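Student: My questions all concern the structure below.
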Number of protein chains: 4
Amino acid sequence: MKLLESYVFIRNQSKIICEKLEVEDYVVQPAEFVSPPKWHLAHTSWFFENIILKKYLSNYRVYKEEFDHLFNSYYKSLGSHWMQSERGFLSRPTVKEVYQFREHVDAGMTKLLSSSEVDSKIFKLIEIGLHHEQQHQELLLMDIKYILGLNPSMPALSHNPAHPYKENPEQWSDQREGVFEFGTSDKSKFSFDNESPRHQEFIQAHQISNYFVTNGEYLKFVNDGGYNDSRLWLAKGWDWVKQNNINKPLYWYENDNTLFEYTLLGATKINPLSPVSHVNYFEADAFARWSGNRLPTEFESEIFMSKNLNLFNDEGISFHSKSNEIIFNNLWWWTSSSYQAYPGFTSFEGSLGEYNGKFMCNQYVLKGGCFGTAQGHLRETYRNFYYPEQNWMFSGIRLAN
Amino acid sequence: MKLLESYVFIRNQSKIICEKLEVEDYVVQPAEFVSPPKWHLAHTSWFFENIILKKYLSNYRVYKEEFDHLFNSYYKSLGSHWMQSERGFLSRPTVKEVYQFREHVDAGMTKLLSSSEVDSKIFKLIEIGLHHEQQHQELLLMDIKYILGLNPSMPALSHNPAHPYKENPEQWSDQREGVFEFGTSDKSKFSFDNESPRHQEFIQAHQISNYFVTNGEYLKFVNDGGYNDSRLWLAKGWDWVKQNNINKPLYWYENDNTLFEYTLLGATKINPLSPVSHVNYFEADAFARWSGNRLPTEFESEIFMSKNLNLFNDEGISFHSKSNEIIFNNLWWWTSSSYQAYPGFTSFEGSLGEYNGKFMCNQYVLKGGCFGTAQGHLRETYRNFYYPEQNWMFSGIRLAN
Amino acid sequence: MKLLESYVFIRNQSKIICEKLEVEDYVVQPAEFVSPPKWHLAHTSWFFENIILKKYLSNYRVYKEEFDHLFNSYYKSLGSHWMQSERGFLSRPTVKEVYQFREHVDAGMTKLLSSSEVDSKIFKLIEIGLHHEQQHQELLLMDIKYILGLNPSMPALSHNPAHPYKENPEQWSDQREGVFEFGTSDKSKFSFDNESPRHQEFIQAHQISNYFVTNGEYLKFVNDGGYNDSRLWLAKGWDWVKQNNINKPLYWYENDNTLFEYTLLGATKINPLSPVSHVNYFEADAFARWSGNRLPTEFESEIFMSKNLNLFNDEGISFHSKSNEIIFNNLWWWTSSSYQAYPGFTSFEGSLGEYNGKFMCNQYVLKGGCFGTAQGHLRETYRNFYYPEQNWMFSGIRLAN
Amino acid sequence: MKLLESYVFIRNQSKIICEKLEVEDYVVQPAEFVSPPKWHLAHTSWFFENIILKKYLSNYRVYKEEFDHLFNSYYKSLGSHWMQSERGFLSRPTVKEVYQFREHVDAGMTKLLSSSEVDSKIFKLIEIGLHHEQQHQELLLMDIKYILGLNPSMPALSHNPAHPYKENPEQWSDQREGVFEFGTSDKSKFSFDNESPRHQEFIQAHQISNYFVTNGEYLKFVNDGGYNDSRLWLAKGWDWVKQNNINKPLYWYENDNTLFEYTLLGATKINPLSPVSHVNYFEADAFARWSGNRLPTEFESEIFMSKNLNLFNDEGISFHSKSNEIIFNNLWWWTSSSYQAYPGFTSFEGSLGEYNGKFMCNQYVLKGGCFGTAQGHLRETYRNFYYPEQNWMFSGIRLAN
């Protein structure tokens with residue numbers, strides 16, 4: 001019964017995120033890495049239908065055969081799938097029908113969850129499905145921001161007031177060297193396969209910053225010619241800067257000699273005290289080098305989080321990053337760690353084996369969380385990961401040395 | 001007053017074409033050459049606002065400044081414009097707002113047309129604006145067909161019954177050689193700049209077919225290995241076939257060993273007696289070579305049309321091509337003529353100089369018309385033009401030799 | 001016996017063109033449209049081996065089987081061929097071996113030509129082979145210029161003195177309207193298939209310039225902002241200008257505020273009295289529009305040449321374009337005519353059917369000739385053709401109105 | 001004096017590698033990652049001229065100013081450089097002149113090395129220059145193999161006999177868990193910046209194979225459908241397989257149903273007992289997964305090498321990989337470790353800071369060495385690195401679990 005409540009709550013969250021959207025906002029795909037919001041709503045339902053309902057609910061009627069193909073994201077073991085780059089080509093199914101699909105799946109899931117058929121294996125799959133839905137809720141916010149932010153009218157999604165800024169006493173947190181354990185230990189709680197097994201790493205003595213880098217600090221880097229000095233950049237980063245004529249973070253723009261940024265609350269003047277966001281790995285790395293510091297590793301970040309578990313903020317979705325204080329879910333921060341398997345890693349069984357392992361190449365780990373991250377994902381072992389050129393997630397910079 | 005009536009009638013036609021669309025259908029752009037339907041509705045209004053209202057209606061209030069940029073298609077002399085390939089990135093303005101923009105423009109135009117300010121120069125511009133709108137009505141039908149036809153659900157736009165097939169007695173129409181005149185002569189009627197000046201050309205004796213090539217005839221070409229025989233193709237055509245793995249016309253598809261085609265009436269079995277449509281210049285040329293014939297020139301086609309002016313069908317929009325009989329607005333047919341300026345050509349004045357002349361490179365002329373072509377455009381001097389690889393317009397094959 | 005002499009003379013010309021090259025110059029391919037000089041030397045020999053020797057010389061031993069594939073240019077009917085864009089990937093066969101291949105083929109051809117087996121059919125094929133070789137001699141000069149001109153050291157191929165400039169009395173040559181005949185009439189002389197059949201065209205009264213546009217005149221266009229004014233350009237031309245940041249002709253460059261051009265005689269200051277060369281169709285068309293004139297058609301150009309057949313210069317290869325006087329082989333000039341089949345066109349038989357016809361799409365005709373054009377090709381019916389963006393041939397501008 | 005001997009010896013090695021090449025082989029660039037051999041010969045001389053001679057040899061005359069630009073590889077701090085993808089566009093300087101450039105630089109270096117001006121700073125720079133030259137010697141062999149192997153004639157570079165195969169008694173070498181030290185400790189010996197600082201890592205207990213995976217074993221993977229089973233591949237690896245239609249390693253090809261591979265000794269039948277080579281990271285990773293094992297980390301590999309330092313083979317250049325026995329310089333092996341900075345990493349000073357650090361993104365470490373690796377580079381701390389899709393280096397597979 002508890003799982004049913006969670007199911008209803010989490011599924012409803014996806015709808016709440018979208019409730020201010022116009023029908024048109026659900027449909028477009030202005031970049032390959034962005035998915036139309038209606039696709040997220042359909043894909044998360046596809047997950048429950050294909051991974052659970054088809055196999056475990058007797059007499060379940062598939063909503064529409066063609067959705068198997070249309071809303072499969074990348075699971076090769078579940079057949080062919082519509083190309084990711086062409087998700088925005090589809091006007092049908094309509095948004096209305098996508099919601100009907102969700103209702104159909106929810107009815108099936110409610111029936112299953114109310115029955116006595118949910119053994120521990122099915123329980124595990126449903127749990128994954130719900131965490132999967134929550135990951136897509138954050139993606140929804142990222143994608144909606146990209147869709148609205150690219151639009152010349154830059155509409156706001158929300159009008160909640162911004163969070164006040166709060167200063168912290170100490171810049172650096174010290175850590176002595178030693179062998180520490182990392183990854184999931186408590187098997188009674190949910191975690192993704194990539195967080196296991198728990199294992200030891202030797203960590204050097206180091207310092208990690210209690211603060212996020214602020215817009216004001218980042219602006220100094222910009223004004224100091226940071227985007228014009230090749231020595232600060234990784235070779236691939238420099239290519240990215242030159243090929244795309246980058247000279248400031250995504251969502252920053254200039255108007256009448258004043259700097260603004262687009263946020264989900266609408267366009268606003270750059271606040272120098274807020275943490276800089278939407279930087280990619282190249283920018284985070286270049287800033288760190290310019291400042292005489294470096295990015296922390298994922299393990300340094302995990303120790304830091306373990307020592308400060310009280311600092312997760314539980315306000316829930318607020319549609320904006322907040323301040324530079326030491327709140328973990330202000331922003332994700334880039335680590336210098338390549339996203340690789342832990343020693344002894346084994347992936348989820350069956351089709352879900354494609355969930356994480358096959359992406360362990362050329363991506364970097366981010367730690368922390370953001371306003372769009374589900375409470376359940378705010379844990380020190382969670383490993384978020386993106387390609388170094390990507391910057392549309394809610395990413396910031398935490399320094400180390 | 002007569003112009004106001006035309007204005008109201010023509011502007012309303014655009015809305016009629018779209019009345020069966022879902023909101024989502026208005027927004028997507030599944031190929032660079034396709035524009036979202038809402039873009040067409042906005043751009044045609046932009047035309048009246050920028051070419052006429054801003055200059056000639058006193059106290060006209062521009063609907064929204066940002067639309068100047070967003071809905072300019074390619075008029076460099078009117079400032080910058082949103083990139084054509086990114087029209088499908090825009091969820092806003094919403095469809096509802098686009099219709100409000102149309103109403104705003106229509107109110108302005110009604111005011112202008114009801115006033116005494118419409119001199120012959122303004123009259124001419126409005127006339128161009130209306131013909132422009134009609135050209136976009138045909139583009140709307142082409143683009144809607146592409147959007148719906150690419151969708152796995154292949155929805156129908158209309159359910160009108162198909163036109164019955166009617167046979168014609170003679171295949172070939174003969175023409176003796178001689179010097180003939182081509183282009184517009186009657187200055188009292190509207191024509192585009194590219195139809196002038198009227199001038200002489202020497203024409204060889206030739207035959208031109210009274211029929212369109214049918215699906216059945218085209219299928220023989222396909223089954224004879226037409227798409228596998230490089231000798232039948234222009235070099236660029238062969239590259240197109242190989243690079244895109246083409247083996248049948250756009251909108252044809254196979255299901256359970258049966259050939260179907262998508263039409264605006266929905267999916268239907270290939271009718272061997274209907275004219276083959278949606279072929280590009282390469283396919284038309286290869287078919288003609290295979291059949292031992294050739295494509296007619298634009299001048300041969302114009303003579304043929306002049307001799308048979310009674311053969312334009314006036315049924316209006318019927319959402320499908322009809323039969324292979326000698327009706328001119330069944331389909332456009334490809335001519336072998338490169339789209340070039342007539343001797344002594346001068347383009348429209350001012351910004352409208354960008355309407356036609358600058359596109360006179362690497363395109364080929366099509367003659368005739370189709371169910372989506374406005375009655376006013378069904379004339380023997382009208383020159384339609386597309387790139388040789390394009391096939392999403394309602395194009396067919398008429399042979400000559 | 002006469003044919004053997006021609007064979008020896010023409011084949012030797014190819015070697016003369018290359019005699020100043022370093023081995024390295026024979027190998028590179030700095031653009032897809034450029035072929036390595038050794039490829040030209042091998043391909044022209046391949047032509048004789050595959051079209052003639054294999055079929056008509058008994059006991060002919062093929063030099064190397066693998067050359068069938070390596071040195072086929074685009075004859076699909078003669079099997080697969082090495083990709084054009086990868087000709088510069090091949091270090092082997094070496095230049096030395098390519099010359100051995102030529103000798104082997106020449107030995108075979110000499111044997112055939114000395115025998116009694118050369119009937120009229122073989123004669124015709126050899127004749128085509130020799131004209132083919134001559135076309136590649138001009139391509140060799142174009143490609144060598146591109147290879148050396150792109151090199152920072154800009155080496156000269158020749159040190160012959162430049163031709164003196166000579167002024168002409170009248171700018172314009174007048175032509176009355178009428179029906180005229182075009183194309184080849186004398187069947188006793190060689191011509192390519194695309195020059196036939198001779199046929200009539202109606203020509204408007206017009207003027208055509210006795211001069212080529214000079215560097216000095218073109219510089220006025222440049223300094224008047226010609227490359228910045230979209231109204232002067234075809235839409236595709238404007239895209240070409242913007243995408244490639246073009247602001248002057250190929251081979252022009254600036255050094256210490258002085259304009260230079262690279263020629264086969266080495267780098268030299270721009271001579272304002274010399275004809276401007278290496279312009280593409282877009283530039284020629286934009287200049288003509290800027291000057292208030294237009295480009296001539298291919299038929300206007302053919303009449304002009306017919307009336308002045310004495311004006312072909314017979315100096316032979318001089319490695320540079322000359323003056324702006326009315327010498328036909330100073331430069332090719334762009335016509336406004338799309339390269340299309342003449343009425344009743346039939347291509348050469350067999351594999352040679354791929355010689356010309358399949359390229360009749362999206363190219364434009366050039367008339368005249370240049371210093372690199374074989375004497376035998378200097379005739380009024382010769383049709384040269386290139387794509388509108390191409391500019392590495394010796395192309396200039398002749399105006400009409 | 002000892003350094004001068006090394007200088008002469010090492011510089012001469014580059015010439016020995018190239019002594020069998022034809023002039024043409026020095027010039028071509030059949031892929032962006034391949035450099036023409038003459039470029040390597042010039043670039044290594046450029047390094048001595050720009051990093052050392054210009055600054056430290058009084059009265060040194062620069063060979064040619066334009067070489068500063070032409071032969072700079074990627075040192076942004078030393079000015080602009082010719083684009084890497086266009087190195088094969090340059091026919092000049094000729095091979096002969098490149099050798100003259102080398103002689104000019106060698107004369108300068110000999111003068112400098114014979115003088116008393118070589119302080120420890122200059123010594124260090126020269127040492128780097130020599131190690132740099134040695135790295136390019138291996139690149140020369142890789143690039144020559146690619147150039148010759150792609151050629152249909154597949155010429156051999158050498159005719160040395162192949163090394164006999166020798167079996168090893170035990171498959172696996174065991175290692176207990178613990179904290180170990182990695183990286184350079186002996187400051188008296190040369191090492192690259194990326195091998196420092198020496199630092200500790202915690203290592204899990206593991207096994208590592210004494211053998212390389214053989215052609216025979218790899219063939220089982222191929223025949224078992226390894227290239228058709230998406231579950232075995234990283235997502236990026238699967239895209240690489242599909243987009244390039246890969247079904248066997250680079251240099252393998254089939255002829256009359258027999259598998260061959262191109263080696264620098266020429267084409268040869270696949271020897272099932274030889275180690276499989278020229279696999280990329282994706283293939284190595286997929287094979288390891290298929291076999292139920294995994295790739296070792298760079299640290300596991302370094303421990304393994306430390307325990308077996310006697311197993312470097314000192315035969316010198318033999319132009320082919322050898323056997324599957326435990327010889328370290330048979331082949332490089334892929335590790336699962338992303339190429340990252342060691343804790344506390346600082347790059348070389350000045351322009352040489354661009355040597356290694358800026359490439360620490362999206363590459364993977366390889367350990368070991370190959371027949372083309374300089375003796376001086378055969379050390380357990382050496383870190384080689386390539387992008388996961390690259391396969392033209394002499395790379396093999398060593399398993400772990």
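Labels used: A, B, ... for chains in the order of the structure tokens, numbers from 1 for residues in each chain, and numbers from 1 for ligands as shown.
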With a distance cut-off of 6 Å and only C-alpha atoms, select the neighbouring residues of range 330-341 of chain D, excluding the residue or stretch itself and same-chain residues fewer than 6 positions from it, and output the selection as a list in words.
Tutor: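 Final neighbour list, sorted by chain and number: Leu295, Pro296, Thr297, Glu298, Ser321, Lys322, Met360, Gln363, Tyr364, Val365, Leu366, Lys367, Gly368, Gly369, Cys370, Phe394, Ser395, Gly396, Ile397 and Arg398 of chain D.
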Student: Return the neighbours of chain A among the residues of chain D, cut-off 10 Å, counting only C-alpha atoms, as a PyMOL selection string.
Tutor: chain D and resi 74-77+178-180+199-206+229-238+281-282+294+297+336-341+343-344+350-351+353-354+356-364+387-388+401
Student: Mind checking which residues fall within 12 Å of Asn12 in chain B, counting only C-alpha atoms, ignoring those fewer than 3 positions away in the same chain, and posting them as an mmCIF file with N, CA, C and O atoms, in the first residue's frame?
Tutor:
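Output contents, as saved in result_32.cif:
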```cif
data_model
loop_
_atom_site.group_PDB
_atom_site.id
_atom_site.type_symbol
_atom_site.label_atom_id
_atom_site.label_comp_id
_atom_site.auth_asym_id
_atom_site.auth_seq_id
_atom_site.Cartn_x
_atom_site.Cartn_y
_atom_site.Cartn_z
ATOM 1 N N GLU B 5 -13.471 42.013 -50.672
ATOM 2 C CA GLU B 5 -14.110 40.686 -50.728
ATOM 3 C C GLU B 5 -13.078 39.596 -51.011
ATOM 4 O O GLU B 5 -13.076 38.545 -50.378
ATOM 5 N N SER B 6 -12.222 39.847 -51.985
ATOM 6 C CA SER B 6 -11.166 38.868 -52.287
ATOM 7 C C SER B 6 -10.295 38.644 -51.068
ATOM 8 O O SER B 6 -9.935 37.517 -50.737
ATOM 9 N N TYR B 7 -9.966 39.751 -50.421
ATOM 10 C CA TYR B 7 -9.115 39.659 -49.241
ATOM 11 C C TYR B 7 -9.742 38.734 -48.203
ATOM 12 O O TYR B 7 -9.108 37.807 -47.694
ATOM 13 N N VAL B 8 -10.985 38.978 -47.902
ATOM 14 C CA VAL B 8 -11.667 38.196 -46.869
ATOM 15 C C VAL B 8 -11.759 36.733 -47.287
ATOM 16 O O VAL B 8 -11.484 35.818 -46.506
ATOM 17 N N PHE B 9 -12.108 36.532 -48.545
ATOM 18 C CA PHE B 9 -12.256 35.161 -49.024
ATOM 19 C C PHE B 9 -10.930 34.392 -48.956
ATOM 20 O O PHE B 9 -10.853 33.276 -48.444
ATOM 21 N N LYS B 15 -7.432 29.491 -43.226
ATOM 22 C CA LYS B 15 -7.969 28.928 -41.988
ATOM 23 C C LYS B 15 -8.734 27.633 -42.257
ATOM 24 O O LYS B 15 -8.658 26.684 -41.475
ATOM 25 N N ILE B 16 -9.446 27.606 -43.385
ATOM 26 C CA ILE B 16 -10.199 26.392 -43.729
ATOM 27 C C ILE B 16 -9.245 25.201 -43.899
ATOM 28 O O ILE B 16 -9.520 24.091 -43.442
ATOM 29 N N ILE B 17 -8.114 25.456 -44.552
ATOM 30 C CA ILE B 17 -7.156 24.372 -44.762
ATOM 31 C C ILE B 17 -6.717 23.756 -43.437
ATOM 32 O O ILE B 17 -6.513 22.555 -43.326
ATOM 33 N N CYS B 18 -6.599 24.605 -42.420
ATOM 34 C CA CYS B 18 -6.060 24.150 -41.137
ATOM 35 C C CYS B 18 -7.120 23.693 -40.145
ATOM 36 O O CYS B 18 -6.776 23.234 -39.046
ATOM 37 N N GLU B 19 -8.378 23.782 -40.500
ATOM 38 C CA GLU B 19 -9.395 23.637 -39.453
ATOM 39 C C GLU B 19 -9.455 22.236 -38.839
ATOM 40 O O GLU B 19 -9.941 22.085 -37.731
ATOM 41 N N LEU B 41 0.818 30.658 -41.342
ATOM 42 C CA LEU B 41 -0.283 31.570 -40.979
ATOM 43 C C LEU B 41 0.269 32.903 -40.486
ATOM 44 O O LEU B 41 -0.315 33.962 -40.756
ATOM 45 N N TYR B 99 -3.372 33.197 -34.468
ATOM 46 C CA TYR B 99 -4.688 33.575 -35.013
ATOM 47 C C TYR B 99 -5.082 34.994 -34.583
ATOM 48 O O TYR B 99 -5.710 35.740 -35.328
ATOM 49 N N ARG B 102 -3.330 37.273 -36.861
ATOM 50 C CA ARG B 102 -4.060 37.350 -38.131
ATOM 51 C C ARG B 102 -5.254 38.298 -38.016
ATOM 52 O O ARG B 102 -5.489 39.130 -38.897
ATOM 53 N N GLU B 103 -5.990 38.200 -36.924
ATOM 54 C CA GLU B 103 -7.165 39.071 -36.761
ATOM 55 C C GLU B 103 -6.766 40.540 -36.687
ATOM 56 O O GLU B 103 -7.429 41.407 -37.264
ATOM 57 N N ASP B 106 -5.901 41.562 -40.129
ATOM 58 C CA ASP B 106 -7.119 41.633 -40.936
ATOM 59 C C ASP B 106 -7.924 42.904 -40.606
ATOM 60 O O ASP B 106 -8.489 43.538 -41.498
ATOM 61 N N LEU B 130 -2.042 38.848 -51.687
ATOM 62 C CA LEU B 130 -3.063 37.797 -51.766
ATOM 63 C C LEU B 130 -2.572 36.599 -52.573
ATOM 64 O O LEU B 130 -2.817 35.447 -52.205
ATOM 65 N N GLU B 133 -0.345 34.759 -50.373
ATOM 66 C CA GLU B 133 -1.110 33.933 -49.423
ATOM 67 C C GLU B 133 -1.559 32.634 -50.096
ATOM 68 O O GLU B 133 -1.496 31.555 -49.509
ATOM 69 N N GLN B 134 -1.979 32.744 -51.340
ATOM 70 C CA GLN B 134 -2.453 31.548 -52.046
ATOM 71 C C GLN B 134 -1.313 30.554 -52.316
ATOM 72 O O GLN B 134 -1.501 29.344 -52.255
ATOM 73 N N GLN B 137 -0.917 28.719 -49.270
ATOM 74 C CA GLN B 137 -1.972 27.720 -49.033
ATOM 75 C C GLN B 137 -1.569 26.378 -49.643
ATOM 76 O O GLN B 137 -1.775 25.327 -49.043
#
```
Student: Residues near Ile208 in chain D, anyone? I mean within 9 Å using only C-alpha atoms, not counting same-chain ones fewer than 6 positions away, as a PyMOL selection string.
Tutor: chain D and resi 171-175+295-296+300-301+304+398-401
Student: What's around Val222 in chain B at 10 Å? Count only C-alpha atoms, leave out sequence neighbours fewer than 3 positions away in its own chain, and write the answer as JSON, numbers by chain.
Tutor: {"B": [216, 217, 218, 219, 225, 226, 227, 228, 247, 248, 249, 287]}
Student: Generate the output file for the selected residues, N, CA and C atoms, as a compact mmCIF listing (two decimals), in the first residue's frame.
Tutor:
```txt
# COMPACT_ATOMS: atom_id res chain seq x y z
N GLY B 216 0.59 2.70 -62.18
CA GLY B 216 0.82 1.39 -62.80
C GLY B 216 2.02 1.43 -63.73
N GLU B 217 2.10 2.49 -64.54
CA GLU B 217 3.25 2.61 -65.44
C GLU B 217 4.55 2.79 -64.65
N TYR B 218 4.46 3.58 -63.61
CA TYR B 218 5.66 3.83 -62.81
C TYR B 218 6.12 2.55 -62.11
N LEU B 219 5.16 1.75 -61.69
CA LEU B 219 5.48 0.49 -61.03
C LEU B 219 6.24 -0.44 -61.98
N GLY B 225 13.68 -2.64 -62.40
CA GLY B 225 14.99 -2.30 -61.85
C GLY B 225 15.40 -0.85 -62.09
N GLY B 226 14.42 -0.01 -62.29
CA GLY B 226 14.71 1.39 -62.61
C GLY B 226 15.60 2.08 -61.59
N TYR B 227 15.42 1.76 -60.32
CA TYR B 227 16.21 2.43 -59.28
C TYR B 227 17.59 1.79 -59.12
N ASN B 228 17.87 0.74 -59.88
CA ASN B 228 19.18 0.08 -59.77
C ASN B 228 20.04 0.24 -61.00
N ASN B 247 13.99 3.61 -53.36
CA ASN B 247 13.54 2.59 -54.32
C ASN B 247 12.07 2.74 -54.70
N LYS B 248 11.46 3.82 -54.27
CA LYS B 248 10.08 4.11 -54.68
C LYS B 248 9.77 5.56 -54.32
N PRO B 249 8.65 6.06 -54.83
CA PRO B 249 8.34 7.48 -54.57
C PRO B 249 8.06 7.75 -53.08
N PHE B 287 12.50 8.14 -65.37
CA PHE B 287 11.35 7.42 -65.95
C PHE B 287 11.21 7.73 -67.43
```
Student: Name all residues at most 9 Å from Phe182 in chain D (count only C-alpha atoms; drop same-chain ones fewer than 3 positions away) and give them as a ChimeraX atom specification.
Tutor: /D:185,195-201,299,302-303,381
Student: Give the answer as one residue: which of B:Asn215, B:Ser91, B:Gly372, B:Ser115 has the shortest atom-to-atom distance to Pro37 in chain A, using only C-alpha atoms?
Tutor: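 Of B:Asn215, B:Ser91, B:Gly372, B:Ser115, the one nearest Pro37 in chain A, counting only C-alpha atoms, is B:Ser91.
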Student: If you measure from CA of His69 in chain A to CA of His81 in chain A, what distance in Å do you get, rounded to one decimal?
Tutor: 4.7 Å
Student: Check the DSSP output for the backbone and give back, as a ChimeraX atom specification, the residues of range 157-363 of chain A in strand (DSSP E).
Tutor: /A:172-175,178-182,199-203,206-209,252-255,258-263,266-269,332-338
Student: Which residues come within 12 Å of Ser120 in chain A, counting only C-alpha atoms, excluding same-chain residues fewer than 6 positions away, as number ranges by chain?
Tutor: A: 3, 126-127
